[in-house]
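Enquirer: Sharing start17.cif (mmCIF, N, CA and C atoms and all ligand atoms) below.
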data_start
loop_
_atom_site.label_atom_id
_atom_site.label_comp_id
_atom_site.auth_asym_id
_atom_site.auth_seq_id
_atom_site.Cartn_x
_atom_site.Cartn_y
_atom_site.Cartn_z
N MET A 87 0.85 -1.20 0.00
CA MET A 87 0.00 0.00 0.00
C MET A 87 0.88 1.25 0.00
N ALA A 88 0.49 2.21 -0.81
CA ALA A 88 1.30 3.44 -0.88
C ALA A 88 1.17 4.23 0.41
N GLU A 89 2.27 4.79 0.85
CA GLU A 89 2.27 5.60 2.07
C GLU A 89 1.48 6.89 1.84
N LYS A 90 0.59 7.20 2.77
CA LYS A 90 -0.11 8.48 2.68
C LYS A 90 0.47 9.43 3.71
N LYS A 91 0.87 10.61 3.26
CA LYS A 91 1.54 11.58 4.14
C LYS A 91 0.55 12.59 4.68
N ILE A 92 0.60 12.77 6.00
CA ILE A 92 -0.24 13.79 6.63
C ILE A 92 0.70 14.85 7.19
N LYS A 93 0.60 16.07 6.64
CA LYS A 93 1.54 17.12 7.04
C LYS A 93 0.91 18.02 8.10
N ILE A 94 1.60 18.13 9.23
CA ILE A 94 1.14 18.97 10.34
C ILE A 94 2.21 20.00 10.64
N VAL A 95 1.79 21.26 10.78
CA VAL A 95 2.74 22.33 11.11
C VAL A 95 2.52 22.73 12.57
N VAL A 96 3.62 22.86 13.31
CA VAL A 96 3.58 23.29 14.71
C VAL A 96 4.14 24.71 14.77
N ALA A 97 3.26 25.66 15.14
CA ALA A 97 3.66 27.07 15.15
C ALA A 97 3.43 27.65 16.54
N GLY A 98 3.92 28.86 16.76
CA GLY A 98 3.72 29.53 18.04
C GLY A 98 4.83 30.52 18.29
N PRO A 99 4.66 31.38 19.30
CA PRO A 99 5.66 32.41 19.59
C PRO A 99 7.00 31.82 20.03
N TYR A 100 7.99 32.68 20.11
CA TYR A 100 9.31 32.32 20.62
C TYR A 100 9.18 31.67 22.00
N ALA A 101 9.86 30.54 22.19
CA ALA A 101 9.93 29.83 23.48
C ALA A 101 8.58 29.28 23.95
N ALA A 102 7.65 29.05 23.02
CA ALA A 102 6.36 28.45 23.39
C ALA A 102 6.52 26.95 23.69
N GLY A 103 7.57 26.33 23.13
CA GLY A 103 7.80 24.90 23.36
C GLY A 103 7.65 24.05 22.10
N LYS A 104 7.75 24.68 20.93
CA LYS A 104 7.56 23.96 19.66
C LYS A 104 8.63 22.87 19.47
N THR A 105 9.89 23.26 19.65
CA THR A 105 10.98 22.31 19.44
C THR A 105 10.90 21.18 20.46
N GLN A 106 10.61 21.54 21.71
CA GLN A 106 10.47 20.53 22.78
C GLN A 106 9.35 19.55 22.44
N PHE A 107 8.22 20.06 21.99
CA PHE A 107 7.05 19.25 21.65
C PHE A 107 7.41 18.23 20.57
N ILE A 108 8.06 18.70 19.52
CA ILE A 108 8.39 17.82 18.40
C ILE A 108 9.42 16.78 18.82
N ASN A 109 10.42 17.19 19.60
CA ASN A 109 11.41 16.21 20.09
C ASN A 109 10.76 15.15 20.95
N THR A 110 9.79 15.55 21.77
CA THR A 110 9.19 14.64 22.74
C THR A 110 8.37 13.55 22.06
N ILE A 111 7.61 13.91 21.03
CA ILE A 111 6.74 12.91 20.40
C ILE A 111 7.42 12.18 19.25
N SER A 112 8.67 12.56 18.98
CA SER A 112 9.36 12.02 17.81
C SER A 112 9.69 10.54 17.93
N GLU A 113 9.69 9.84 16.80
CA GLU A 113 10.17 8.46 16.81
C GLU A 113 11.48 8.36 16.02
N ILE A 114 11.89 9.44 15.39
CA ILE A 114 13.19 9.46 14.71
C ILE A 114 14.04 10.52 15.39
N GLU A 115 15.32 10.53 15.06
CA GLU A 115 16.18 11.64 15.49
C GLU A 115 15.67 12.87 14.75
N THR A 116 15.12 13.85 15.50
CA THR A 116 14.53 15.00 14.81
C THR A 116 15.59 15.83 14.12
N VAL A 117 15.17 16.44 13.02
CA VAL A 117 16.05 17.39 12.32
C VAL A 117 15.88 18.73 13.01
N LYS A 118 16.98 19.27 13.50
CA LYS A 118 16.90 20.55 14.22
C LYS A 118 17.77 21.59 13.54
N THR A 119 17.36 22.82 13.65
CA THR A 119 18.18 23.92 13.13
C THR A 119 18.32 24.97 14.22
N GLU A 120 18.98 24.57 15.30
CA GLU A 120 19.10 25.46 16.46
C GLU A 120 20.36 26.33 16.36
N ALA A 121 20.21 27.57 16.76
CA ALA A 121 21.37 28.47 16.87
C ALA A 121 21.35 29.07 18.27
N LYS A 122 22.51 29.51 18.74
CA LYS A 122 22.58 30.13 20.07
C LYS A 122 21.84 31.46 20.05
N THR A 123 21.06 31.73 21.10
CA THR A 123 20.41 33.04 21.18
C THR A 123 21.45 34.09 21.57
N THR A 124 21.25 35.30 21.08
CA THR A 124 22.24 36.35 21.32
C THR A 124 21.72 37.49 22.18
N ARG A 125 20.44 37.83 22.05
CA ARG A 125 19.91 38.96 22.81
C ARG A 125 19.56 38.55 24.23
N ASP A 126 19.81 39.46 25.19
CA ASP A 126 19.63 39.13 26.60
C ASP A 126 18.21 38.69 26.92
N GLU A 127 17.20 39.40 26.36
CA GLU A 127 15.81 39.05 26.69
C GLU A 127 15.44 37.69 26.10
N GLU A 128 16.13 37.27 25.03
CA GLU A 128 15.89 35.94 24.46
C GLU A 128 16.59 34.88 25.31
N LYS A 129 17.81 35.19 25.72
CA LYS A 129 18.61 34.22 26.51
C LYS A 129 17.91 33.87 27.81
N GLU A 130 17.19 34.85 28.36
CA GLU A 130 16.46 34.61 29.62
C GLU A 130 15.50 33.44 29.48
N LYS A 131 14.90 33.31 28.29
CA LYS A 131 13.88 32.27 28.08
C LYS A 131 14.47 30.97 27.54
N ASN A 132 15.53 31.08 26.72
CA ASN A 132 16.02 29.90 26.03
C ASN A 132 17.43 30.19 25.52
N ASP A 133 18.37 29.27 25.68
CA ASP A 133 19.72 29.56 25.17
C ASP A 133 19.90 29.16 23.71
N HIS A 134 18.89 28.43 23.16
CA HIS A 134 18.93 28.08 21.74
C HIS A 134 17.62 28.47 21.07
N THR A 135 17.66 28.66 19.77
CA THR A 135 16.44 29.00 19.04
C THR A 135 16.46 28.39 17.64
N THR A 136 15.26 28.10 17.13
CA THR A 136 15.13 27.45 15.82
C THR A 136 15.20 28.51 14.71
N VAL A 137 16.09 28.33 13.75
CA VAL A 137 16.24 29.35 12.71
C VAL A 137 15.63 28.94 11.36
N ALA A 138 15.38 27.66 11.15
CA ALA A 138 14.74 27.28 9.88
C ALA A 138 13.49 26.45 10.14
N MET A 139 13.66 25.29 10.78
CA MET A 139 12.49 24.46 11.09
C MET A 139 12.91 23.30 11.99
N ASP A 140 11.93 22.64 12.59
CA ASP A 140 12.13 21.33 13.20
C ASP A 140 11.41 20.34 12.28
N PHE A 141 11.93 19.13 12.23
CA PHE A 141 11.25 18.12 11.40
C PHE A 141 11.21 16.78 12.11
N ASP A 142 10.06 16.12 11.99
CA ASP A 142 9.87 14.83 12.64
C ASP A 142 8.89 14.00 11.82
N ARG A 143 9.06 12.69 11.90
CA ARG A 143 8.17 11.78 11.16
C ARG A 143 7.65 10.73 12.12
N ILE A 144 6.36 10.45 12.07
CA ILE A 144 5.78 9.42 12.93
C ILE A 144 4.92 8.50 12.07
N LYS A 145 5.27 7.22 12.07
CA LYS A 145 4.49 6.24 11.29
C LYS A 145 3.29 5.82 12.13
N ILE A 146 2.09 6.00 11.59
CA ILE A 146 0.86 5.63 12.32
C ILE A 146 0.56 4.15 12.11
N ASP A 147 0.53 3.75 10.84
CA ASP A 147 0.31 2.34 10.49
C ASP A 147 0.89 2.13 9.09
N ASP A 148 0.55 1.03 8.44
CA ASP A 148 1.14 0.75 7.12
C ASP A 148 0.73 1.78 6.08
N GLU A 149 -0.38 2.48 6.36
CA GLU A 149 -0.90 3.41 5.37
C GLU A 149 -0.46 4.86 5.62
N TYR A 150 -0.59 5.30 6.89
CA TYR A 150 -0.42 6.72 7.18
C TYR A 150 0.85 7.05 7.94
N THR A 151 1.50 8.14 7.53
CA THR A 151 2.66 8.66 8.25
C THR A 151 2.48 10.15 8.48
N LEU A 152 2.72 10.57 9.73
CA LEU A 152 2.65 12.01 10.05
C LEU A 152 3.98 12.65 9.76
N TYR A 153 3.95 13.79 9.13
CA TYR A 153 5.15 14.62 8.94
C TYR A 153 4.92 15.91 9.70
N LEU A 154 5.74 16.14 10.72
CA LEU A 154 5.57 17.33 11.55
C LEU A 154 6.67 18.34 11.25
N PHE A 155 6.26 19.59 11.04
CA PHE A 155 7.22 20.67 10.79
C PHE A 155 7.01 21.75 11.83
N GLY A 156 8.05 22.06 12.59
CA GLY A 156 8.01 23.18 13.54
C GLY A 156 8.52 24.42 12.87
N THR A 157 7.83 25.54 13.11
CA THR A 157 8.22 26.80 12.45
C THR A 157 9.42 27.43 13.18
N PRO A 158 10.12 28.33 12.49
CA PRO A 158 11.19 29.09 13.16
C PRO A 158 10.60 29.94 14.29
N ASP A 159 11.44 30.35 15.24
CA ASP A 159 10.94 31.01 16.44
C ASP A 159 10.81 32.52 16.32
N HIS A 160 11.25 33.10 15.21
CA HIS A 160 11.23 34.58 15.09
C HIS A 160 10.52 35.03 13.82
N ALA A 161 9.83 36.18 13.93
CA ALA A 161 9.06 36.72 12.80
C ALA A 161 9.96 37.03 11.59
N ARG A 162 11.25 37.29 11.83
CA ARG A 162 12.11 37.62 10.68
C ARG A 162 12.31 36.42 9.75
N PHE A 163 11.94 35.22 10.22
CA PHE A 163 12.04 34.04 9.36
C PHE A 163 10.67 33.64 8.80
N ASP A 164 9.72 34.58 8.80
CA ASP A 164 8.36 34.28 8.33
C ASP A 164 8.31 33.76 6.90
N PHE A 165 9.33 34.11 6.09
CA PHE A 165 9.33 33.61 4.71
C PHE A 165 9.30 32.07 4.68
N MET A 166 9.79 31.44 5.75
CA MET A 166 9.76 29.97 5.83
C MET A 166 8.32 29.45 5.93
N LEU A 167 7.41 30.28 6.47
CA LEU A 167 6.03 29.81 6.68
C LEU A 167 5.34 29.52 5.36
N ASP A 168 5.62 30.35 4.34
CA ASP A 168 5.03 30.12 3.02
C ASP A 168 5.49 28.79 2.43
N ILE A 169 6.69 28.38 2.81
CA ILE A 169 7.22 27.10 2.32
C ILE A 169 6.61 25.96 3.16
N LEU A 170 6.59 26.16 4.48
CA LEU A 170 6.16 25.08 5.38
C LEU A 170 4.67 24.78 5.26
N ASP A 171 3.84 25.77 4.92
CA ASP A 171 2.40 25.50 4.93
C ASP A 171 1.88 24.84 3.64
N LYS A 172 2.75 24.61 2.67
CA LYS A 172 2.33 23.92 1.45
C LYS A 172 1.90 22.48 1.77
N GLY A 173 0.65 22.17 1.46
CA GLY A 173 0.15 20.80 1.68
C GLY A 173 -0.20 20.48 3.12
N MET A 174 -0.17 21.50 3.98
CA MET A 174 -0.47 21.29 5.40
C MET A 174 -1.94 20.90 5.57
N VAL A 175 -2.22 19.86 6.40
CA VAL A 175 -3.62 19.50 6.64
C VAL A 175 -4.10 19.95 8.02
N ARG A 176 -3.18 20.12 8.97
CA ARG A 176 -3.55 20.61 10.29
C ARG A 176 -2.44 21.52 10.82
N LEU A 177 -2.88 22.48 11.66
CA LEU A 177 -1.95 23.40 12.30
C LEU A 177 -2.07 23.25 13.81
N VAL A 178 -0.96 23.09 14.50
CA VAL A 178 -0.95 23.09 15.97
C VAL A 178 -0.30 24.40 16.41
N VAL A 179 -1.01 25.19 17.23
CA VAL A 179 -0.43 26.44 17.73
C VAL A 179 -0.16 26.28 19.22
N LEU A 180 1.09 26.43 19.60
CA LEU A 180 1.48 26.31 21.01
C LEU A 180 1.68 27.71 21.59
N VAL A 181 1.21 27.90 22.82
CA VAL A 181 1.39 29.18 23.52
C VAL A 181 1.80 28.86 24.95
N ASP A 182 2.77 29.62 25.48
CA ASP A 182 3.15 29.50 26.89
C ASP A 182 2.09 30.24 27.70
N SER A 183 1.25 29.49 28.42
CA SER A 183 0.11 30.10 29.12
C SER A 183 0.55 31.02 30.25
N THR A 184 1.83 30.94 30.66
CA THR A 184 2.32 31.80 31.74
C THR A 184 2.94 33.09 31.21
N ASP A 185 2.97 33.25 29.88
CA ASP A 185 3.66 34.39 29.28
C ASP A 185 2.68 35.21 28.43
N LEU A 186 1.87 36.04 29.13
CA LEU A 186 0.81 36.81 28.46
C LEU A 186 1.34 37.69 27.33
N ALA A 187 2.58 38.16 27.48
CA ALA A 187 3.14 39.08 26.50
C ALA A 187 3.25 38.45 25.11
N THR A 188 3.20 37.12 25.04
CA THR A 188 3.37 36.45 23.73
C THR A 188 2.02 36.19 23.04
N PHE A 189 0.91 36.52 23.71
CA PHE A 189 -0.39 36.17 23.14
C PHE A 189 -0.68 36.91 21.83
N HIS A 190 -0.22 38.18 21.74
CA HIS A 190 -0.43 38.93 20.49
C HIS A 190 0.30 38.27 19.32
N GLU A 191 1.49 37.78 19.61
CA GLU A 191 2.27 37.10 18.57
C GLU A 191 1.55 35.81 18.15
N ALA A 192 0.95 35.13 19.11
CA ALA A 192 0.19 33.91 18.79
C ALA A 192 -0.98 34.25 17.86
N ARG A 193 -1.66 35.37 18.15
CA ARG A 193 -2.78 35.82 17.31
C ARG A 193 -2.30 36.13 15.89
N ARG A 194 -1.14 36.81 15.81
CA ARG A 194 -0.58 37.16 14.50
C ARG A 194 -0.30 35.88 13.69
N ILE A 195 0.22 34.87 14.36
CA ILE A 195 0.55 33.60 13.68
C ILE A 195 -0.73 32.91 13.21
N ILE A 196 -1.76 32.88 14.06
CA ILE A 196 -3.04 32.26 13.67
C ILE A 196 -3.62 32.99 12.46
N ASN A 197 -3.59 34.32 12.49
CA ASN A 197 -4.10 35.11 11.35
C ASN A 197 -3.31 34.81 10.09
N PHE A 198 -2.00 34.65 10.23
CA PHE A 198 -1.17 34.37 9.07
C PHE A 198 -1.63 33.09 8.37
N PHE A 199 -1.89 32.06 9.16
CA PHE A 199 -2.27 30.78 8.57
C PHE A 199 -3.72 30.77 8.15
N1 LIG B 1 7.82 24.08 31.97
C1 LIG B 1 7.84 23.76 30.67
N2 LIG B 1 8.88 24.18 29.94
C2 LIG B 1 8.89 23.85 28.62
C3 LIG B 1 7.83 23.10 28.02
N3 LIG B 1 8.11 22.95 26.69
C4 LIG B 1 9.29 23.58 26.49
N4 LIG B 1 9.77 24.12 27.65
C5 LIG B 1 11.01 24.88 27.82
O1 LIG B 1 10.79 26.17 27.24
C6 LIG B 1 11.96 26.62 26.56
C7 LIG B 1 11.66 26.87 25.09
O2 LIG B 1 11.35 25.65 24.44
P1 LIG B 1 11.53 25.42 22.88
O3 LIG B 1 10.92 24.11 22.58
O4 LIG B 1 12.95 25.64 22.46
O5 LIG B 1 10.63 26.61 22.31
P2 LIG B 1 10.39 27.12 20.81
O6 LIG B 1 11.09 28.45 20.73
O7 LIG B 1 8.91 27.28 20.69
O8 LIG B 1 10.96 26.09 19.87
C8 LIG B 1 13.03 25.53 26.75
O9 LIG B 1 13.84 25.91 27.83
C9 LIG B 1 12.19 24.30 27.06
O10 LIG B 1 12.90 23.38 27.85
C10 LIG B 1 6.74 22.67 28.85
O11 LIG B 1 5.79 22.01 28.42
N5 LIG B 1 6.81 23.04 30.16
MG MG B 2 12.28 26.13 18.41
#
Could you render the structure from this file as structure tokens?

Expert:
Amino acid sequence: MAEKKIKIVVAGPYAAGKTQFINTISEIETVKTEAKTTRDEEKEKNDHTTVAMDFDRIKIDDEYTLYLFGTPDHARFDFMLDILDKGMVRLVVLVDSTDLATFHEARRIINFF
């Protein structure tokens, strides 16, 4: 039976937990594009940040395989979103519920998609 691919994009503000989420549910060694954070206010939340994408694959059964793509953590890499959302069937938006200041960014991301 031919493999059917289900593409899911995981988006959300900086330090919402996108990379952690994808690593945790992964069944393969995830593809990561982490770089060291440089700005003090960023370092406070996370010492690494995703600059291109996270990637993970999960085989459901003989027919279906999930392909998960995590978005970059900063708006300056938004051009990646146009690439990542091609063929997307579901969007997961993660928000840090303890960090109210990021809610506007979460809204912007939802509107984008
Ligand atoms: N307490 C808590 N911390 C988390 C959770 N998920 C991620 N983190 C931490 O939050 C920080 C940012 O996570 P990361 O996955 O890199 O965020 P991203 O910028 O959305 O990719 C890291 O220090 C993680 O260890 C969670 O569910 N609970
Ligand atoms: Mg990340």

Enquirer: Would you list the residues near (6.5, 22.5, 23.5), meaning any protein, DNA or RNA residue with an atom at most 10 Å from that point in file coordinates, counting only C-alpha atoms, as a PyMOL selection string?

Expert: chain A and resi 96-98+101-110+179-182

Enquirer: Pick the closest to Met174 of chain A from A:Lys145, A:Lys93, A:Arg162, A:Lys131: which is it, counting all atoms listed in the file?

Expert: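 Under the stated criterion, the closest residue is A:Lys93.
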
Enquirer: Restricting the calculation to all atoms listed in the file, which member of A:Lys91, A:His160, A:Asp142, A:Ser112 is positioned closest to ligand LIG 1 (chain B)?

Expert: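 Among A:Lys91, A:His160, A:Asp142, A:Ser112, it is A:His160 that comes nearest to ligand LIG 1 (chain B).
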
Enquirer: Show me, as a PyMOL selection string, the residues that have an atom within 8 Å of segment 149-152 of chain A when counting only C-alpha atoms, minus same-chain residues fewer than 4 positions from it.

Expert: chain A and resi 87-94+143-145

Enquirer: Return the single residue from A:Ser183, A:Asp148, A:Thr119, A:Arg176 that is closest to His134 of chain A, with distances computed using all atoms listed in the file.

Expert: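 Residue with the minimum atom-to-atom distance to His134 of chain A: A:Thr119.
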
Enquirer: For a test of reading the model, state the distance in Å between atom CA of Asp126 of chain A and atom CA of Arg194 of chain A, rounded to one decimal.

Expert: 23.6 Å

Enquirer: Using only C-alpha atoms, which of A:Ile114, A:Ala187, A:Ile195, A:Ala121 sits nearest Met139 of chain A?

Expert: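 Distance minimum relative to Met139 of chain A lands on A:Ala121.
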
Enquirer: Rounded to one decimal in Å, what is the spacing between atom C of Thr184 of chain A and atom N of Tyr153 of chain A?

Expert: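 Between atom C of Thr184 of chain A and atom N of Tyr153 of chain A the gap works out to 29.3 Å.
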
Enquirer: Find the distance between atom C of Glu191 of chain A and atom N of Pro99 of chain A and write it in Å to one decimal.

Expert: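 These two atoms are separated by 5.5 Å.
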
Enquirer: Using only C-alpha atoms and all ligand atoms, which residue out of A:Thr135, A:Arg193, A:Asp185, A:Val117 lies closest to ligand LIG 1 (chain B)?

Expert: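 Under the stated criterion, the closest residue is A:Thr135.
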
Enquirer: Among chain A, which ones does DSSP place in strand (DSSP E or B), written as a ChimeraX atom specification?

Expert: /A:90-97,117,120-122,134-136,140-145,150-156,176-179
